[in-house]
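One structure is given here, and the rest of the page talks about it.
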Amino acid sequence: DEHQKAQVLMVDKVLEWSGVRPESPPATILDVGCGIGGSTRHIVTKYGCEAGTGITLSPYQARRAEEITAADANIDPQKSAVSFRVADALNQPFEDESFDLVWSLESGEHMPDKEKFVSELFRVLKPGGRVIVVTWCHRVLGKEEEKLSAYERLLLAVINKAYYLPDWVSVARYEALAEAEGFRDIQVDDWSPQVAPFWTAVLKTALTPNGLRGLLKSGTKTIRGAAVMPLMRLGFATGTIKFNLMTAVKPAKK
């Protein structure tokens, strides 16, 4: 499946960009907003992690993640404990300093309280551990700007309604929150040019006969999401929407 291959390639590129090296692999990882566990399984397999944990708000996703993992020949339960659970990313059910790597792929945009989100990522991370956040953001405001233009705000408001998203922030806001929380070695990047073509490809697929039939069968929620895909494409094309990365390290204890 080409989409799955592209997703795996992106995960690998993000890990490489973040400085996660095979020679010093994380023993324990947390995948925040894990979906059906694709990133969790890939990272555990790639680095031979002792334990991988994924959290999601969806009981269905957690159940499917467990089922797929149980059937995955690449996961040896004797060597790697991989588990998934329903949990709130803003109130995580873990002890402080539990994980070597905390990973969040396209879940930050769903968080209604970005400050609490970053705080929880810091709390559950072990000293010396690394966090990686990949998320949709709006563009960084210019020095003379106090807010996005009326047009940009309207564009994001329509997208939010379709995808049930809270207010957007810029990657500069994430960077500031991470610094205030105590993270060090903070790096950010913008991969929008690489990701923007994805929305064009999705649109082309959706507009094929098979795609349209699938949409009609999938219900109003999916149809509404598909209807705003051109707006996502427009947001990337105009520079309003960004696909941003942030990685940072929790300082080791002295």
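The chains in the structure tokens are called A, B, ... from first to last as shown; in each chain the residues are counted from 1, and the ligands are counted from 1 in the order shown.
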
Which region 4-106 of chain A residues have any atom within 9 Å of an atom of region 119-127 of chain A, and for each, what is the nearest pair of atoms with distance in Å to one decimal, counting only C-alpha atoms, rows sorted by chain and number, as JSON lines?
{"residue": "A:Leu30", "atom": "CA", "partner": "A:Leu125", "partner_atom": "CA", "distance": 8.9}
{"residue": "A:Val32", "atom": "CA", "partner": "A:Leu121", "partner_atom": "CA", "distance": 8.7}
{"residue": "A:Ala89", "atom": "CA", "partner": "A:Glu120", "partner_atom": "CA", "distance": 7.3}
{"residue": "A:Leu90", "atom": "CA", "partner": "A:Glu120", "partner_atom": "CA", "distance": 6.3}
{"residue": "A:Asn91", "atom": "CA", "partner": "A:Glu120", "partner_atom": "CA", "distance": 7.1}
{"residue": "A:Gln92", "atom": "CA", "partner": "A:Glu120", "partner_atom": "CA", "distance": 7.0}
{"residue": "A:Phe94", "atom": "CA", "partner": "A:Val124", "partner_atom": "CA", "distance": 6.6}
{"residue": "A:Glu95", "atom": "CA", "partner": "A:Val124", "partner_atom": "CA", "distance": 6.5}
{"residue": "A:Asp96", "atom": "CA", "partner": "A:Val124", "partner_atom": "CA", "distance": 4.6}
{"residue": "A:Glu97", "atom": "CA", "partner": "A:Lys126", "partner_atom": "CA", "distance": 3.9}
{"residue": "A:Ser98", "atom": "CA", "partner": "A:Val124", "partner_atom": "CA", "distance": 5.3}
{"residue": "A:Phe99", "atom": "CA", "partner": "A:Leu125", "partner_atom": "CA", "distance": 5.0}
{"residue": "A:Asp100", "atom": "CA", "partner": "A:Lys126", "partner_atom": "CA", "distance": 5.6}
{"residue": "A:Leu101", "atom": "CA", "partner": "A:Leu125", "partner_atom": "CA", "distance": 6.9}
{"residue": "A:Val102", "atom": "CA", "partner": "A:Leu125", "partner_atom": "CA", "distance": 6.6}
{"residue": "A:Trp103", "atom": "CA", "partner": "A:Leu121", "partner_atom": "CA", "distance": 8.9}

Run DSSP on the backbone and tell me which residues of region 110-175 of chain A come out as strand (DSSP E); list them as a PDB file with N, CA and C atoms, in the first residue's frame.
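So states_36.pdb came out as:
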ATOM      1  N   LEU A 125       8.078  12.362  30.475  1.00  0.00           N
ATOM      2  CA  LEU A 125       9.365  12.083  29.840  1.00  0.00           C
ATOM      3  C   LEU A 125      10.466  11.946  30.894  1.00  0.00           C
ATOM      4  N   LYS A 126      11.338  10.969  30.710  1.00  0.00           N
ATOM      5  CA  LYS A 126      12.474  10.799  31.613  1.00  0.00           C
ATOM      6  C   LYS A 126      13.502  11.907  31.386  1.00  0.00           C
ATOM      7  N   PRO A 127      14.238  12.293  32.413  1.00  0.00           N
ATOM      8  CA  PRO A 127      15.345  13.234  32.207  1.00  0.00           C
ATOM      9  C   PRO A 127      16.312  12.680  31.158  1.00  0.00           C
ATOM     10  N   GLY A 128      16.689  13.533  30.225  1.00  0.00           N
ATOM     11  CA  GLY A 128      17.541  13.086  29.122  1.00  0.00           C
ATOM     12  C   GLY A 128      16.751  12.542  27.951  1.00  0.00           C
ATOM     13  N   GLY A 129      15.435  12.377  28.124  1.00  0.00           N
ATOM     14  CA  GLY A 129      14.582  11.851  27.070  1.00  0.00           C
ATOM     15  C   GLY A 129      14.199  12.912  26.054  1.00  0.00           C
ATOM     16  N   ARG A 130      13.663  12.451  24.935  1.00  0.00           N
ATOM     17  CA  ARG A 130      13.336  13.348  23.820  1.00  0.00           C
ATOM     18  C   ARG A 130      11.842  13.307  23.516  1.00  0.00           C
ATOM     19  N   VAL A 131      11.301  14.480  23.191  1.00  0.00           N
ATOM     20  CA  VAL A 131       9.922  14.585  22.716  1.00  0.00           C
ATOM     21  C   VAL A 131       9.950  14.966  21.239  1.00  0.00           C
ATOM     22  N   ILE A 132       8.993  14.423  20.483  1.00  0.00           N
ATOM     23  CA  ILE A 132       8.839  14.771  19.067  1.00  0.00           C
ATOM     24  C   ILE A 132       7.359  15.056  18.826  1.00  0.00           C
ATOM     25  N   VAL A 133       7.075  16.253  18.357  1.00  0.00           N
ATOM     26  CA  VAL A 133       5.700  16.650  18.046  1.00  0.00           C
ATOM     27  C   VAL A 133       5.629  17.035  16.574  1.00  0.00           C
ATOM     28  N   VAL A 134       4.717  16.398  15.853  1.00  0.00           N
ATOM     29  CA  VAL A 134       4.464  16.721  14.449  1.00  0.00           C
ATOM     30  C   VAL A 134       3.005  17.136  14.360  1.00  0.00           C
ATOM     31  N   THR A 135       2.742  18.358  13.926  1.00  0.00           N
ATOM     32  CA  THR A 135       1.375  18.856  14.039  1.00  0.00           C
ATOM     33  C   THR A 135       1.066  19.941  13.014  1.00  0.00           C
ATOM     34  N   TRP A 136      -0.215  20.099  12.722  1.00  0.00           N
ATOM     35  CA  TRP A 136      -0.654  21.216  11.897  1.00  0.00           C
ATOM     36  C   TRP A 136      -0.625  22.484  12.745  1.00  0.00           C
ATOM     37  N   CYS A 137      -0.155  23.564  12.155  1.00  0.00           N
ATOM     38  CA  CYS A 137      -0.134  24.866  12.821  1.00  0.00           C
ATOM     39  C   CYS A 137      -0.594  25.928  11.824  1.00  0.00           C
ATOM     40  N   HIS A 138      -0.882  27.114  12.339  1.00  0.00           N
ATOM     41  CA  HIS A 138      -0.995  28.229  11.404  1.00  0.00           C
ATOM     42  C   HIS A 138       0.369  28.896  11.308  1.00  0.00           C
TER      43      HIS A 138
END

Using only C-alpha atoms, the best pick from A:Ser24, A:Ile43, A:Ala51, A:Tyr163 as closest to Gln78 (chain A) would be A:Ala51

Nearby residues (only C-alpha atoms) at most 12 Å from Ala73 (chain A), same-chain spacing under 5 positions excluded, as an mmCIF file with C-alpha atoms, in the first residue's frame:
data_model
loop_
_atom_site.group_PDB
_atom_site.id
_atom_site.type_symbol
_atom_site.label_atom_id
_atom_site.label_comp_id
_atom_site.auth_asym_id
_atom_site.auth_seq_id
_atom_site.Cartn_x
_atom_site.Cartn_y
_atom_site.Cartn_z
ATOM 1 C CA ARG A 41 4.715 -0.606 16.190
ATOM 2 C CA THR A 45 10.397 -2.627 15.725
ATOM 3 C CA ILE A 68 -3.206 -5.578 14.698
#

Fewer than 3 positions away in the same chain doesn't count, so skip those; otherwise give me all residues within 12 Å of Val44 (chain A), counting only C-alpha atoms, as a PDB file with C-alpha atoms, in the first residue's frame.
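Result written to selection.pdb:
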ATOM      1  CA  PRO A  22      19.919   3.399  16.272  1.00  0.00           C
ATOM      2  CA  PRO A  25      17.798   3.676  20.930  1.00  0.00           C
ATOM      3  CA  PRO A  26      14.998   4.553  23.351  1.00  0.00           C
ATOM      4  CA  ALA A  27      14.014   1.651  25.614  1.00  0.00           C
ATOM      5  CA  THR A  28      10.502   2.930  26.294  1.00  0.00           C
ATOM      6  CA  ILE A  29       8.268   5.019  24.046  1.00  0.00           C
ATOM      7  CA  LEU A  30       4.887   6.694  24.366  1.00  0.00           C
ATOM      8  CA  ASP A  31       2.774   7.454  21.297  1.00  0.00           C
ATOM      9  CA  GLY A  37      -0.808   2.040  16.507  1.00  0.00           C
ATOM     10  CA  GLY A  38       1.141   2.223  13.255  1.00  0.00           C
ATOM     11  CA  SER A  39       3.820   4.594  14.552  1.00  0.00           C
ATOM     12  CA  THR A  40       4.070   2.739  17.864  1.00  0.00           C
ATOM     13  CA  ARG A  41       4.715  -0.606  16.190  1.00  0.00           C
ATOM     14  CA  TYR A  47      14.754   0.362  17.623  1.00  0.00           C
ATOM     15  CA  GLY A  48      14.018  -2.902  19.434  1.00  0.00           C
ATOM     16  CA  CYS A  49      12.341  -1.040  22.291  1.00  0.00           C
ATOM     17  CA  GLU A  50      11.561  -2.885  25.505  1.00  0.00           C
ATOM     18  CA  ALA A  51       8.122  -1.283  25.722  1.00  0.00           C
ATOM     19  CA  GLY A  52       5.830   0.793  23.547  1.00  0.00           C
ATOM     20  CA  THR A  53       2.630   2.390  24.781  1.00  0.00           C
ATOM     21  CA  GLY A  54      -0.017   4.165  22.737  1.00  0.00           C
ATOM     22  CA  THR A  69      -0.268  -5.754  17.097  1.00  0.00           C
ATOM     23  CA  ASP A  72       2.109  -8.567  13.709  1.00  0.00           C
ATOM     24  CA  ASN A  74       7.506  -8.301  13.654  1.00  0.00           C
ATOM     25  CA  ILE A  75       6.460  -7.760  17.275  1.00  0.00           C
ATOM     26  CA  ASP A  76       7.914 -10.331  19.662  1.00  0.00           C
ATOM     27  CA  PRO A  77       5.965 -10.070  22.942  1.00  0.00           C
ATOM     28  CA  LYS A  79      11.156  -8.913  23.827  1.00  0.00           C
ATOM     29  CA  SER A  80       8.856  -5.913  23.475  1.00  0.00           C
ATOM     30  CA  ALA A  81       5.757  -5.160  25.530  1.00  0.00           C
ATOM     31  CA  VAL A  82       3.417  -3.169  23.271  1.00  0.00           C
ATOM     32  CA  SER A  83       0.100  -1.967  24.641  1.00  0.00           C
ATOM     33  CA  LEU A 101      10.828   8.964  23.870  1.00  0.00           C
ATOM     34  CA  TRP A 103       6.052  10.851  20.151  1.00  0.00           C
TER      35      TRP A 103
END

Of the candidates A:Lys114, A:Leu141, A:Ser58, A:Glu146, which shows the shortest atom-to-atom distance to Gly239 (chain A), using only C-alpha atoms? A:Leu141

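Distances to Trp168 (chain A) were evaluated for A:Lys254, A:Lys13, A:Arg21, A:Lys242 using only C-alpha atoms, and the minimum falls at A:Lys242.
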
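The neighbours of Val169 (chain A) here are the residues that come within 10 Å of it, using only C-alpha atoms and leaving out any residue fewer than 2 positions away in the same chain; they are Gly108, Glu109, Lys114, Trp136, Cys137, His138, Arg139, Val140, Pro166, Asp167, Val171, Ala172, Arg173 and Tyr174 of chain A.
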
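Within region 12-49 of chain A, DSSP run on the backbone puts these residues in alpha helix (DSSP H): Asp12, Lys13, Val14, Leu15, Glu16, Trp17, Ser18, Gly38, Ser39, Thr40, Arg41, His42, Ile43, Val44, Thr45, Lys46 and Tyr47 of chain A.
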
So, counting only C-alpha atoms, which residue among A:Glu181, A:Leu15, A:Tyr151, A:Val158 is closest to Met246 (chain A)? A:Leu15

In Å, with one decimal, what is the gap from CA of Gly35 (chain A) to CA of Ile55 (chain A)? 8.0 Å

Minimum-distance residue to Leu231 (chain A), chosen among A:Ser149, A:Ser18, A:Asn160, A:Thr56 (using only C-alpha atoms): A:Asn160
